[in-house]
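Below you'll find the structure, written out as structure tokens, and then a few comments.
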Amino acid sequence: FQTNLVPFPRLHFMLTSLAPITTPAKAETMKNDTQSVTEAAMNPNNFFVKIADFDAEEDKYMAISLNYRGAVKSKEANSTVQWLKQQKKVTFVEWCPTGFKIGLNEEPPAVLETDELAAAKINAVSIGNNTAISRVFSERISKKYDLMYSQ
């Protein structure tokens, strides 16, 4: 099956996240294996858009592109994805069951001298098409437009 992040032209608003996002002080005690990094990437606290009341079972994905940097093996990434599905950390709509697209890049994440993020051996970037993104438009942008228009 081929995974398409945009199954229909009107469903093209993505949720993105990055993990791990941590300081150098916390990085020493933090787990940096594939499963914990992937779980953190799927955590709503790491989304680049704040979504109120995000529920992993109610807010369904149409597709997810999960891209790893660093020493991550294909078998390890696939087993982590299966673990996510079994633990119900992600759920998919019934009409688009293909799910995940996994990308692997063996180069570790780059670190700049002025960077405030801690260096990590692996990281994960998630780009997902989720139904929860509609709340960003309906609750925030529409209300602000209505407020502006009422003046």
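Chain labels run A, B, ... following the order of the structure tokens; each chain numbers its residues from 1, and ligands are numbered from 1 in the order shown.
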For Lys88 of chain A, list every protein, DNA or RNA residue within 10 Å, evaluated using only C-alpha atoms, and leave out those in the same chain fewer than 6 positions away; present the list as a ChimeraX atom specification.
/A:56-57,82
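The residues of chain A that DSSP classifies as strand (DSSP E), using the backbone of this structure, are Leu15, Thr16, Ser17, Leu18, Ala19, Tyr61, Met62, Ala63, Ile64, Ser65, Leu66, Asn67, Tyr68, Arg69, Gly99, Phe100, Lys101, Ile102, Gly103, Leu104, Asn105, Asn123, Ala124, Val125, Ser126, Ile127, Gly128, Asn129 and Asn130 of chain A.
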Nearest candidate to Val81 of chain A (options A:Tyr145, A:Glu107, A:Phe47, A:Val37; using only C-alpha atoms):
A:Val37
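Every residue of segment 45-148 of chain A with a DSSP assignment of alpha helix (DSSP H), taken from the backbone, is listed as A:Ser74, A:Lys75, A:Glu76, A:Ala77, A:Asn78, A:Ser79, A:Thr80, A:Val81, A:Gln82, A:Trp83, A:Leu84, A:Lys85, A:Gln86, A:Ile133, A:Ser134, A:Arg135, A:Ser142, A:Lys143, A:Lys144, A:Tyr145, A:Asp146, A:Leu147, A:Met148.
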When you draw a straight line from atom CA of Ile64 of chain A to atom CA of Trp95 of chain A, how long is it in Å?
14.7 Å
Give one line per residue of segment 45-141 of chain A that approaches segment 10-19 of chain A to at most 12 Å, naming the two atoms of the closest pair and their distance in Å to one decimal, counting only C-alpha atoms; sort by chain then ascending residue number and deliver it as a tab-separated table.
residue	atom	partner	partner_atom	distance
A:Asn45	CA	A:Ser17	CA	8.9
A:Asn46	CA	A:Ser17	CA	5.5
A:Phe47	CA	A:Ser17	CA	4.4
A:Phe48	CA	A:Ser17	CA	5.6
A:Val49	CA	A:Leu15	CA	6.9
A:Lys50	CA	A:Leu15	CA	9.7
A:Ile51	CA	A:Leu15	CA	9.7
A:Phe54	CA	A:Leu15	CA	11.9
A:Asp59	CA	A:Leu15	CA	11.7
A:Lys60	CA	A:Leu15	CA	11.7
A:Tyr61	CA	A:Leu15	CA	9.7
A:Met62	CA	A:Leu11	CA	9.2
A:Ala63	CA	A:Met14	CA	9.7
A:Ile64	CA	A:Leu15	CA	9.2
A:Ser65	CA	A:Thr16	CA	9.5
A:Leu66	CA	A:Ser17	CA	9.7
A:Asn67	CA	A:Leu18	CA	9.6
A:Tyr68	CA	A:Ala19	CA	9.8
A:Arg69	CA	A:Ala19	CA	10.7
A:Pro109	CA	A:Ala19	CA	11.2
A:Leu117	CA	A:Ala19	CA	10.7
A:Ala118	CA	A:Ala19	CA	11.0
A:Ala119	CA	A:Ala19	CA	11.4
A:Ala120	CA	A:Ala19	CA	9.5
A:Lys121	CA	A:Ala19	CA	11.4
A:Ile122	CA	A:Ala19	CA	8.9
A:Asn123	CA	A:Ala19	CA	5.7
A:Ala124	CA	A:Ala19	CA	5.4
A:Val125	CA	A:Leu18	CA	4.6
A:Ser126	CA	A:Ser17	CA	5.2
A:Ile127	CA	A:Thr16	CA	4.5
A:Gly128	CA	A:Leu15	CA	5.1
A:Asn129	CA	A:Met14	CA	4.8
A:Asn130	CA	A:Leu15	CA	6.7
A:Thr131	CA	A:Leu11	CA	8.9
A:Ala132	CA	A:Leu15	CA	8.8
A:Ile133	CA	A:Phe13	CA	6.9
A:Ser134	CA	A:Phe13	CA	8.6
A:Arg135	CA	A:Phe13	CA	11.5
A:Val136	CA	A:Phe13	CA	10.3
A:Phe137	CA	A:Phe13	CA	10.4
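Relative to atom CA of Gly103 of chain A, atom CA of Ala27 of chain A is found at 24.2 Å.
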When you draw a straight line from atom CA of Ser74 of chain A to atom CA of Ser36 of chain A, how long is it in Å?
16.0 Å
Env of Glu116 of chain A: 10 Å cut, atoms = only C-alpha atoms, seq-sep filter 2 positions within chain, self excluded. Answer as a ChimeraX atom specification.
/A:21-24,111-114,118-119
Output N, CA, C and O atoms for every residue in the selection just made, as an mmCIF file, in the first residue's frame.
data_model
loop_
_atom_site.group_PDB
_atom_site.id
_atom_site.type_symbol
_atom_site.label_atom_id
_atom_site.label_comp_id
_atom_site.auth_asym_id
_atom_site.auth_seq_id
_atom_site.Cartn_x
_atom_site.Cartn_y
_atom_site.Cartn_z
ATOM 1 N N ILE A 21 13.226 17.185 22.344
ATOM 2 C CA ILE A 21 13.487 18.607 22.559
ATOM 3 C C ILE A 21 13.817 18.737 24.034
ATOM 4 O O ILE A 21 12.938 18.645 24.884
ATOM 5 N N THR A 22 15.080 18.904 24.336
ATOM 6 C CA THR A 22 15.512 18.941 25.733
ATOM 7 C C THR A 22 16.765 19.782 25.879
ATOM 8 O O THR A 22 17.463 20.063 24.915
ATOM 9 N N THR A 23 17.035 20.166 27.102
ATOM 10 C CA THR A 23 18.230 20.946 27.405
ATOM 11 C C THR A 23 19.403 20.005 27.648
ATOM 12 O O THR A 23 19.199 18.830 27.954
ATOM 13 N N PRO A 24 20.625 20.501 27.569
ATOM 14 C CA PRO A 24 21.768 19.633 27.840
ATOM 15 C C PRO A 24 21.771 19.041 29.250
ATOM 16 O O PRO A 24 22.221 17.916 29.457
ATOM 17 N N VAL A 111 24.362 19.681 15.241
ATOM 18 C CA VAL A 111 24.309 20.540 16.420
ATOM 19 C C VAL A 111 25.145 21.779 16.136
ATOM 20 O O VAL A 111 26.288 21.680 15.703
ATOM 21 N N LEU A 112 24.557 22.935 16.382
ATOM 22 C CA LEU A 112 25.279 24.193 16.217
ATOM 23 C C LEU A 112 25.837 24.641 17.556
ATOM 24 O O LEU A 112 25.323 24.285 18.620
ATOM 25 N N GLU A 113 26.877 25.444 17.529
ATOM 26 C CA GLU A 113 27.500 25.935 18.760
ATOM 27 C C GLU A 113 26.540 26.799 19.572
ATOM 28 O O GLU A 113 26.541 26.753 20.793
ATOM 29 N N THR A 114 25.709 27.569 18.881
ATOM 30 C CA THR A 114 24.784 28.480 19.570
ATOM 31 C C THR A 114 23.434 27.828 19.884
ATOM 32 O O THR A 114 22.536 28.498 20.374
ATOM 33 N N ALA A 118 19.863 20.115 23.330
ATOM 34 C CA ALA A 118 20.916 19.140 23.604
ATOM 35 C C ALA A 118 21.175 18.290 22.368
ATOM 36 O O ALA A 118 20.273 18.028 21.571
ATOM 37 N N ALA A 119 22.403 17.847 22.223
ATOM 38 C CA ALA A 119 22.749 16.936 21.136
ATOM 39 C C ALA A 119 22.116 15.573 21.416
ATOM 40 O O ALA A 119 22.064 15.121 22.552
#
Shell around Glu39 of chain A at 9 Å using only C-alpha atoms, local window under 6 positions removed, as a VMD selection string:
chain A and resid 19 80 84 89
